[in-house]
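Visitor: One structure, as structure tokens, below. Some questions next.
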Amino acid sequence: MGSGQTRALQELGPRYVLPFTDTPLDLAAVFGRRAPVVLEIGFGMGDATAAIAQRLPGTDFLGLEVHPPGVGALLRQIGERGLSNVRIVQHDAVEVIERML
């Protein structure tokens with residue numbers, strides 16, 4: 001991971017990265033509103049996710065990714081673009097879907 005990704009993970013991770021749990025998510029509470037939610041599995045480095053989230057501020061995006069550099073890269077873009085409609089779970093997608101959604 002690069003220094004920008006590491007810094008984004010440290011600074012923005014607590015706000016935008018949700019811990020994996022065995023209980024269903026309350027998406028309205030997570031995002032602070034009721035809105036359509038798009039689930040993105042394996043967002044890579046997050047370029048498309050950030051661009052779409054910026055273009056669709058009335059939609060919330062829940063991204064699932066296991067690759068730490070990708071999580072850091074998307075967090076960096078969240079900060080740079082001032083996005084409030086993106087959350088991340090850094091865990092296996094199958095388990096997240098089965099237990100949290």
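How things are named: the first chain in the structure tokens is A, the next is B, and so on; residues count from 1 in each chain; ligands count from 1 in the order shown.
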Compile the contact shell of region 68-72 of chain A as a PyMOL selection string: residues with an atom at most 8 Å away, counting only C-alpha atoms, same-chain residues fewer than 2 positions apart removed.
Guide: chain A and resi 1-2+4-9+43-46+65-66+74-76+88+90
Visitor: Can I get the selected residues back with all heavy atoms, as a CSV table (one decimal), in the first residue's frame?
Guide:
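Done, and the output landed in part.csv:
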chain,number,residue,atom,x,y,z
A,1,MET,N,0.8,-1.2,0.0
A,1,MET,CA,0.0,0.0,0.0
A,1,MET,C,0.9,1.2,0.0
A,1,MET,O,1.9,1.3,0.7
A,1,MET,CB,-0.9,0.0,1.2
A,1,MET,CG,-2.1,-0.9,1.1
A,1,MET,SD,-3.4,-0.8,2.4
A,1,MET,CE,-3.2,0.7,3.2
A,2,GLY,N,0.4,2.2,-0.8
A,2,GLY,CA,1.2,3.5,-0.8
A,2,GLY,C,0.9,4.3,0.4
A,2,GLY,O,-0.1,4.1,1.2
A,4,GLY,N,-0.4,7.3,0.6
A,4,GLY,CA,-1.8,7.9,0.5
A,4,GLY,C,-2.9,7.0,0.9
A,4,GLY,O,-3.8,7.4,1.6
A,5,GLN,N,-2.7,5.7,0.5
A,5,GLN,CA,-3.7,4.7,0.9
A,5,GLN,C,-3.7,4.4,2.4
A,5,GLN,O,-4.7,4.3,3.0
A,5,GLN,CB,-3.5,3.4,0.1
A,5,GLN,CG,-3.7,3.6,-1.4
A,5,GLN,CD,-3.1,2.5,-2.2
A,5,GLN,OE1,-2.0,2.0,-1.9
A,5,GLN,NE2,-3.7,2.2,-3.4
A,6,THR,N,-2.5,4.3,2.9
A,6,THR,CA,-2.3,4.0,4.3
A,6,THR,C,-2.9,5.2,5.2
A,6,THR,O,-3.6,4.9,6.1
A,6,THR,CB,-0.8,3.8,4.7
A,6,THR,OG1,-0.3,2.7,3.9
A,6,THR,CG2,-0.6,3.6,6.2
A,7,ARG,N,-2.6,6.4,4.8
A,7,ARG,CA,-3.1,7.6,5.5
A,7,ARG,C,-4.7,7.6,5.4
A,7,ARG,O,-5.3,7.9,6.4
A,7,ARG,CB,-2.5,8.9,4.9
A,7,ARG,CG,-2.9,10.1,5.7
A,7,ARG,CD,-2.1,11.4,5.3
A,7,ARG,NE,-2.0,11.5,3.8
A,7,ARG,CZ,-0.9,11.3,3.1
A,7,ARG,NH1,0.2,10.9,3.7
A,7,ARG,NH2,-0.9,11.5,1.8
A,8,ALA,N,-5.2,7.3,4.2
A,8,ALA,CA,-6.7,7.3,4.1
A,8,ALA,C,-7.3,6.3,5.0
A,8,ALA,O,-8.3,6.5,5.6
A,8,ALA,CB,-7.0,7.1,2.6
A,9,LEU,N,-6.7,5.1,5.0
A,9,LEU,CA,-7.2,4.0,5.9
A,9,LEU,C,-7.2,4.4,7.3
A,9,LEU,O,-8.2,4.2,8.0
A,9,LEU,CB,-6.4,2.7,5.6
A,9,LEU,CG,-7.0,1.5,6.2
A,9,LEU,CD1,-8.4,1.2,5.7
A,9,LEU,CD2,-6.1,0.3,5.9
A,43,PHE,N,-14.7,-4.0,-5.6
A,43,PHE,CA,-14.6,-2.7,-6.3
A,43,PHE,C,-13.2,-2.4,-6.8
A,43,PHE,O,-13.0,-1.3,-7.4
A,43,PHE,CB,-15.2,-1.6,-5.5
A,43,PHE,CG,-14.6,-1.4,-4.1
A,43,PHE,CD1,-13.3,-0.9,-3.9
A,43,PHE,CD2,-15.3,-1.8,-3.0
A,43,PHE,CE1,-12.8,-0.7,-2.7
A,43,PHE,CE2,-14.8,-1.6,-1.8
A,43,PHE,CZ,-13.5,-1.1,-1.6
A,44,GLY,N,-12.2,-3.3,-6.6
A,44,GLY,CA,-10.9,-3.1,-7.1
A,44,GLY,C,-10.2,-1.9,-6.4
A,44,GLY,O,-10.2,-1.8,-5.2
A,45,MET,N,-9.8,-0.9,-7.2
A,45,MET,CA,-9.2,0.3,-6.6
A,45,MET,C,-10.2,1.4,-6.4
A,45,MET,O,-9.8,2.5,-6.0
A,45,MET,CB,-8.0,0.8,-7.5
A,45,MET,CG,-6.9,-0.2,-7.6
A,45,MET,SD,-6.2,-0.7,-6.0
A,45,MET,CE,-5.1,0.6,-5.7
A,46,GLY,N,-11.5,1.1,-6.7
A,46,GLY,CA,-12.5,2.1,-6.4
A,46,GLY,C,-12.8,3.2,-7.3
A,46,GLY,O,-13.6,4.1,-7.0
A,65,GLU,N,-14.8,-5.4,-0.4
A,65,GLU,CA,-13.5,-5.6,-1.0
A,65,GLU,C,-12.5,-6.2,0.1
A,65,GLU,O,-12.6,-5.8,1.2
A,65,GLU,CB,-12.9,-4.3,-1.5
A,65,GLU,CG,-11.5,-4.4,-2.1
A,65,GLU,CD,-11.5,-5.3,-3.4
A,65,GLU,OE1,-12.1,-5.0,-4.4
A,65,GLU,OE2,-10.8,-6.4,-3.3
A,66,VAL,N,-11.7,-7.2,-0.3
A,66,VAL,CA,-10.8,-7.8,0.7
A,66,VAL,C,-9.4,-7.2,0.5
A,66,VAL,O,-8.5,-7.4,1.4
A,66,VAL,CB,-10.8,-9.3,0.5
A,66,VAL,CG1,-12.1,-9.9,0.9
A,66,VAL,CG2,-10.3,-9.8,-0.8
A,74,LEU,N,-10.0,3.7,-2.4
A,74,LEU,CA,-11.3,4.2,-2.4
A,74,LEU,C,-11.5,5.2,-1.3
A,74,LEU,O,-12.1,6.2,-1.5
A,74,LEU,CB,-12.4,3.1,-2.3
A,74,LEU,CG,-13.8,3.5,-2.3
A,74,LEU,CD1,-14.2,4.4,-3.5
A,74,LEU,CD2,-14.8,2.3,-2.3
A,75,LEU,N,-11.0,4.9,-0.1
A,75,LEU,CA,-11.1,5.9,1.0
A,75,LEU,C,-10.4,7.2,0.6
A,75,LEU,O,-11.0,8.3,0.9
A,75,LEU,CB,-10.4,5.3,2.2
A,75,LEU,CG,-11.2,4.2,2.9
A,75,LEU,CD1,-10.3,3.5,4.0
A,75,LEU,CD2,-12.5,4.8,3.6
A,76,ARG,N,-9.3,7.1,-0.1
A,76,ARG,CA,-8.6,8.4,-0.5
A,76,ARG,C,-9.5,9.2,-1.4
A,76,ARG,O,-9.7,10.4,-1.3
A,76,ARG,CB,-7.3,8.1,-1.2
A,76,ARG,CG,-6.5,9.3,-1.4
A,76,ARG,CD,-5.2,9.0,-2.3
A,76,ARG,NE,-5.8,8.6,-3.6
A,76,ARG,CZ,-5.3,7.7,-4.4
A,76,ARG,NH1,-4.2,7.1,-4.1
A,76,ARG,NH2,-5.8,7.4,-5.5
A,88,ILE,N,-17.8,0.9,3.2
A,88,ILE,CA,-17.0,-0.3,2.8
A,88,ILE,C,-17.0,-1.3,3.9
A,88,ILE,O,-16.9,-1.0,5.1
A,88,ILE,CB,-15.5,0.2,2.6
A,88,ILE,CG1,-15.4,1.2,1.5
A,88,ILE,CG2,-14.6,-1.0,2.3
A,88,ILE,CD1,-14.1,1.9,1.4
A,90,GLN,N,-14.6,-4.5,4.5
A,90,GLN,CA,-13.4,-5.2,4.1
A,90,GLN,C,-13.5,-6.7,4.6
A,90,GLN,O,-12.9,-7.0,5.6
A,90,GLN,CB,-12.1,-4.5,4.6
A,90,GLN,CG,-10.9,-5.1,4.0
A,90,GLN,CD,-9.6,-4.4,4.4
A,90,GLN,OE1,-9.7,-3.3,5.0
A,90,GLN,NE2,-8.5,-4.9,4.2
Visitor: Env of Pro36 (chain A): 7 Å cut, atoms = only C-alpha atoms, seq-sep filter 2 positions within chain, self excluded. Answer as a PyMOL selection string.
Guide: chain A and resi 38+59-60
Visitor: Rank nothing, just name the residue among A:Glu11, A:Ala53, A:Gln77, A:Ile41 nearest to Val94 (chain A), using only C-alpha atoms.
Guide: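 Nearest to Val94 (chain A): A:Ile41.
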Visitor: Just want the 7 Å neighbourhood of Leu39 (chain A), counted on only C-alpha atoms, with same-chain residues fewer than 4 positions away dropped. Output as a count of residues only.
Guide: 3
Visitor: Report the distance between CA of Ala51 (chain A) and CA of Ser84 (chain A) in Å, rounded to one decimal place.
Guide: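 Answer for the CA of Ala51 (chain A) to CA of Ser84 (chain A) separation: 12.8 Å.
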Visitor: List every residue of chain A that DSSP, applied to the backbone of this structure, places in strand (DSSP E or B), and write the result as a PyMOL selection string.
Guide: chain A and resi 17-18+37-41+60-64+86-89
Visitor: Between CA of Asn85 (chain A) and CA of Gly32 (chain A), what is the spacing in Å?
Guide: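 Result for CA of Gly32 (chain A) versus CA of Asn85 (chain A): 9.4 Å, one decimal.
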Visitor: Quick one: residues within 10 Å of Glu98 (chain A), only C-alpha atoms, excluding same-chain residues fewer than 4 positions away - as JSON, numbers by chain?
Guide: {"A": [22, 23, 24, 93, 94]}
Visitor: Could you please determine the separation between CA of Gly58 (chain A) and CA of Arg99 (chain A) in Å, to one decimal place?
Guide: 26.0 Å
Visitor: Choose the residue, out of A:His67, A:Pro57, A:Gly42, A:Leu18, that has the smallest atom-to-atom separation from Gly82 (chain A); count only C-alpha atoms.
Guide: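 Closest candidate: A:Pro57.
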